[in-house]
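Read through the structure below, which is laid out as structure tokens, and then see the notes.
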Amino acid sequence: MARALVNIPRKAKRGEVIEIKALISHPMETGYRRDSTGKVYPRDIINRFVCTYNGAEIFRADLFPAIAANPFLSFFTVATDSGVIALQWTGDDGQTQTEMANITVE
Amino acid sequence: MSRRSTIARSTRRRFLAAAGAALAGSAVVPVVLVRPARATPETMAVAIRDVIGEARVREGRVKIDLPPLVENGNSVTMTVSVESPMTEADHVTGIFVFNEKNPQPNVGSFHLTPRAGKARVSTRIRLGDTQTVVAIAQLSDGSFWSGSADVVVTVPACLEYE
């Protein structure tokens with residue numbers, strides 16, 4: 001599976017707006033690139049990203065080939081409760097990868 | 001017999017003419033096909049209509065942070081922020097980003113909830129040419145707002161493969 005880097009604060013005050021940063025290694029092959037013989041490299045991108053907080057969706061992104069390789073995303077959420085923040089990437093081939101982080105809210 | 005050969009010759013001539021035309025055609029067509037079709041401001045407008053329908057888009061509230069001059073179009077940091085209190089009653093539900101001149105007009109669509117607290121999204125994008133990037137925000141009241149940024153790209157994404 002691809003290497004993913006996730007940056008979520010471990011602790012937060014209740015009601016605090018926290019930043020979630022996520023990066024995953026992926027070529028994001030656009031489907032417009034050709035090799036030296038003119039053959040097109042088939043498109044292979046991560047087309048969907050979903051973030052859930054204790055099971056409830058808080059952020060979702062549809063990605064297109066214009067997103068750079070090793071797609072990086074940063075967004076915000078209000079720290080409501082202690083629990084698990086899960087990030088899931090889905091590729092064109094239907095494969096998914098999920099990363100989870102625990103957060104303690106005081 | 002002489003009549004038959006005349007017919008044969010004329011058919012052969014026609015065939016040669018047709019083949020010649022086909023060859024000429026095939027010589028031209030790949031040159032056109034090798035270059036991926038570029039999005040244009042018109043295709044971007046169509047892509048925007050696909051997302052928002054016939055709704056009116058007002059300018060304002062949306063800010064795109066992109067460097068005005070980009071050396072490498074393969075990875076350009078972009079931040080889109082929308083002025084919004086992000087409450088249950090008044091929040092941003094979607095941010096849609098488009099470009100004019102990449103092979104495809106769509107860049108990304110981001111779906112937010114009031115739980116975001118702050119309507120701001122960052123990512124890294126590819127830019128195939130000097131162009132305008134447009135972001136459209138959908139608010140919970142159904143209104144649409146837009147912002148744009150002009151970027152000069154010195155080395156476009158994917159240049160080495162064309």
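Identifiers in the structure tokens: chain A, B, ... in order shown; residue index from 1 per chain; ligand index from 1 in order shown.
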
Mind dumping a table of every chain B residue within 9 Å of chain A, with the nearest atom pair and its distance in Å to one decimal, using only C-alpha atoms, sorted by chain and rising number, as a Markdown table?
```
| residue | atom | partner | partner_atom | distance |
| --- | --- | --- | --- | --- |
| B:Val34 | CA | A:Gly38 | CA | 8.0 |
| B:Arg35 | CA | A:Tyr32 | CA | 8.9 |
| B:Pro36 | CA | A:Tyr32 | CA | 6.5 |
| B:Asn74 | CA | A:Ala68 | CA | 6.2 |
| B:Ser75 | CA | A:Ala68 | CA | 5.3 |
| B:Val76 | CA | A:Ala68 | CA | 7.7 |
| B:Thr79 | CA | A:Ser74 | CA | 8.9 |
| B:Asn99 | CA | A:Ala66 | CA | 8.8 |
| B:Asn102 | CA | A:Ala66 | CA | 7.3 |
| B:Pro103 | CA | A:Tyr32 | CA | 7.7 |
| B:Gln104 | CA | A:Ala66 | CA | 7.6 |
| B:Pro105 | CA | A:Ala66 | CA | 8.5 |
| B:Asn106 | CA | A:Phe64 | CA | 6.3 |
| B:Val107 | CA | A:Ala66 | CA | 5.0 |
| B:Gly108 | CA | A:Leu63 | CA | 4.7 |
| B:Ser109 | CA | A:Asp62 | CA | 5.0 |
| B:Phe110 | CA | A:Ala61 | CA | 4.3 |
| B:His111 | CA | A:Arg60 | CA | 5.0 |
| B:Leu112 | CA | A:Phe59 | CA | 5.2 |
| B:Thr113 | CA | A:Ile58 | CA | 5.9 |
| B:Pro114 | CA | A:Ile58 | CA | 8.4 |
| B:Arg115 | CA | A:Val78 | CA | 5.6 |
| B:Ala116 | CA | A:Thr77 | CA | 3.9 |
| B:Gly117 | CA | A:Val78 | CA | 5.4 |
| B:Lys118 | CA | A:Phe76 | CA | 6.0 |
| B:Ala119 | CA | A:Phe76 | CA | 7.5 |
| B:Arg120 | CA | A:Phe75 | CA | 6.0 |
| B:Val121 | CA | A:Phe75 | CA | 4.8 |
| B:Ser122 | CA | A:Ser74 | CA | 4.9 |
| B:Thr123 | CA | A:Leu73 | CA | 4.7 |
| B:Arg124 | CA | A:Ala68 | CA | 5.5 |
| B:Ile125 | CA | A:Ile67 | CA | 4.3 |
| B:Arg126 | CA | A:Ala66 | CA | 4.9 |
| B:Leu127 | CA | A:Ala66 | CA | 7.2 |
| B:Gly128 | CA | A:Ala66 | CA | 8.8 |
| B:Cys158 | CA | A:Arg33 | CA | 7.0 |
| B:Tyr161 | CA | A:Arg34 | CA | 6.1 |
| B:Glu162 | CA | A:Arg34 | CA | 7.6 |
```

> What's the 9 Å shell around range 93-104 of chain A, counting only C-alpha atoms, without same-chain residues fewer than 3 positions away, as a list in words?
Replying inline: Met1, Ala2, Ala4, Leu5, Val6, Asn7, Ile8, Pro9, Arg10, Lys11, Ala12, Lys13, Asp44, Ile45, Ile46, Ala79, Asp81, Ser82, Gly83, Val84, Ile85, Ala86, Leu87, Gln88, Trp89 and Thr90 of chain A

Write a file of the just-selected residues containing N, CA and C atoms, as a short mmCIF file (atom, residue, chain, number, x, y, z; two decimals), in the first residue's frame.
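Output saved as again.cif:
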```
data_model
loop_
_atom_site.label_atom_id
_atom_site.label_comp_id
_atom_site.auth_asym_id
_atom_site.auth_seq_id
_atom_site.Cartn_x
_atom_site.Cartn_y
_atom_site.Cartn_z
N MET A 1 0.82 -1.21 0.00
CA MET A 1 0.00 0.00 0.00
C MET A 1 0.86 1.26 0.00
N ALA A 2 0.28 2.23 -0.47
CA ALA A 2 1.00 3.51 -0.61
C ALA A 2 1.31 4.10 0.76
N ALA A 4 1.34 6.96 3.38
CA ALA A 4 0.51 8.14 3.65
C ALA A 4 1.05 8.88 4.86
N LEU A 5 0.98 10.18 4.81
CA LEU A 5 1.38 11.03 5.93
C LEU A 5 0.14 11.79 6.38
N VAL A 6 -0.16 11.68 7.66
CA VAL A 6 -1.34 12.35 8.18
C VAL A 6 -0.92 13.22 9.35
N ASN A 7 -1.40 14.44 9.37
CA ASN A 7 -1.07 15.35 10.45
C ASN A 7 -2.35 15.86 11.09
N ILE A 8 -2.65 15.30 12.27
CA ILE A 8 -3.85 15.69 13.03
C ILE A 8 -3.39 15.91 14.47
N PRO A 9 -3.77 17.03 15.10
CA PRO A 9 -3.35 17.20 16.50
C PRO A 9 -3.86 16.07 17.39
N ARG A 10 -3.02 15.61 18.31
CA ARG A 10 -3.43 14.51 19.20
C ARG A 10 -4.42 14.99 20.25
N LYS A 11 -4.23 16.26 20.64
CA LYS A 11 -5.10 16.83 21.68
C LYS A 11 -5.66 18.16 21.19
N ALA A 12 -6.88 18.45 21.60
CA ALA A 12 -7.47 19.74 21.24
C ALA A 12 -8.49 20.13 22.29
N LYS A 13 -8.76 21.43 22.38
CA LYS A 13 -9.82 21.90 23.29
C LYS A 13 -11.15 21.75 22.57
N ASP A 44 -4.54 6.75 -14.06
CA ASP A 44 -4.59 6.07 -12.77
C ASP A 44 -4.43 7.13 -11.70
N ILE A 45 -5.55 7.58 -11.16
CA ILE A 45 -5.48 8.63 -10.14
C ILE A 45 -6.28 8.23 -8.91
N ILE A 46 -6.06 8.95 -7.84
CA ILE A 46 -6.95 8.86 -6.68
C ILE A 46 -8.07 9.84 -6.98
N ALA A 79 -13.05 20.42 16.71
CA ALA A 79 -12.84 19.30 17.64
C ALA A 79 -14.07 19.20 18.53
N ASP A 81 -15.48 15.85 19.92
CA ASP A 81 -15.38 14.79 20.93
C ASP A 81 -14.08 14.03 20.73
N SER A 82 -13.67 13.36 21.78
CA SER A 82 -12.53 12.45 21.64
C SER A 82 -12.97 11.30 20.76
N GLY A 83 -12.03 10.75 20.03
CA GLY A 83 -12.40 9.61 19.19
C GLY A 83 -11.42 9.43 18.05
N VAL A 84 -11.96 8.94 16.93
CA VAL A 84 -11.11 8.56 15.80
C VAL A 84 -11.45 9.41 14.57
N ILE A 85 -10.42 9.94 13.97
CA ILE A 85 -10.58 10.61 12.68
C ILE A 85 -10.00 9.67 11.63
N ALA A 86 -10.81 9.29 10.65
CA ALA A 86 -10.37 8.33 9.63
C ALA A 86 -10.32 9.01 8.27
N LEU A 87 -9.26 8.71 7.53
CA LEU A 87 -9.08 9.28 6.19
C LEU A 87 -9.06 8.13 5.20
N GLN A 88 -9.82 8.25 4.13
CA GLN A 88 -9.84 7.18 3.14
C GLN A 88 -9.66 7.72 1.74
N TRP A 89 -8.70 7.12 1.03
CA TRP A 89 -8.44 7.48 -0.36
C TRP A 89 -8.95 6.35 -1.24
N THR A 90 -9.56 6.69 -2.38
CA THR A 90 -10.03 5.67 -3.32
C THR A 90 -9.42 5.94 -4.69
#
```

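Computed from the coordinates, the CA of Thr154 in chain B to CA of Met44 in chain B distance equals 21.9 Å.
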
> CA of Ser146 in chain B and CA of Glu71 in chain B are how many Å apart?
Replying inline: 26.0 Å

>> With distances taken over only C-alpha atoms, which residue among B:Val80, B:Pro156, B:Ile136, B:Asp150 lies nearest Arg58 in chain B?
In response: B:Ile136

> Could you pull out all residues of chain A with a DSSP call of strand (DSSP E) and give them as an MDAnalysis selection string?
Replying inline: chainID A and resid 4:7 11:12 17:24 46:53 56:63 72:78 83:91 96:105

>> Show me, as a PyMOL selection string, the residues that have an atom within 6 Å of Val133 in chain B when counting only C-alpha atoms, minus same-chain residues fewer than 5 positions from it.
In response: chain B and resi 98-99+148-149

Given the selection you just returned, output its residues as a file containing N, CA and C atoms, formatted as a PDB file, in the first residue's frame.
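File result-v5.pdb, as written:
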```pdb
ATOM      1  N   PHE B  98     -11.861  25.098 -11.044  1.00  0.00           N
ATOM      2  CA  PHE B  98     -11.764  24.864 -12.489  1.00  0.00           C
ATOM      3  C   PHE B  98     -10.560  25.594 -13.062  1.00  0.00           C
ATOM      4  N   ASN B  99     -10.111  25.117 -14.230  1.00  0.00           N
ATOM      5  CA  ASN B  99      -9.018  25.812 -14.924  1.00  0.00           C
ATOM      6  C   ASN B  99      -9.380  25.966 -16.392  1.00  0.00           C
ATOM      7  N   SER B 148     -11.248  34.200  -8.566  1.00  0.00           N
ATOM      8  CA  SER B 148     -10.333  33.667  -9.563  1.00  0.00           C
ATOM      9  C   SER B 148      -8.918  34.168  -9.305  1.00  0.00           C
ATOM     10  N   ALA B 149      -7.966  33.495  -9.923  1.00  0.00           N
ATOM     11  CA  ALA B 149      -6.561  33.896  -9.805  1.00  0.00           C
ATOM     12  C   ALA B 149      -5.885  33.672 -11.151  1.00  0.00           C
TER      13      ALA B 149
END
```

> Got a sec: who's within 9 Å of Glu83 in chain B, counting only C-alpha atoms, leaving out chain neighbours fewer than 5 positions off, as a VMD selection string?
Replying inline: chain B and resid 60 to 63 92 118 to 119

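CA of Ala55 in chain B is found 7.6 Å from CA of Ser143 in chain B.
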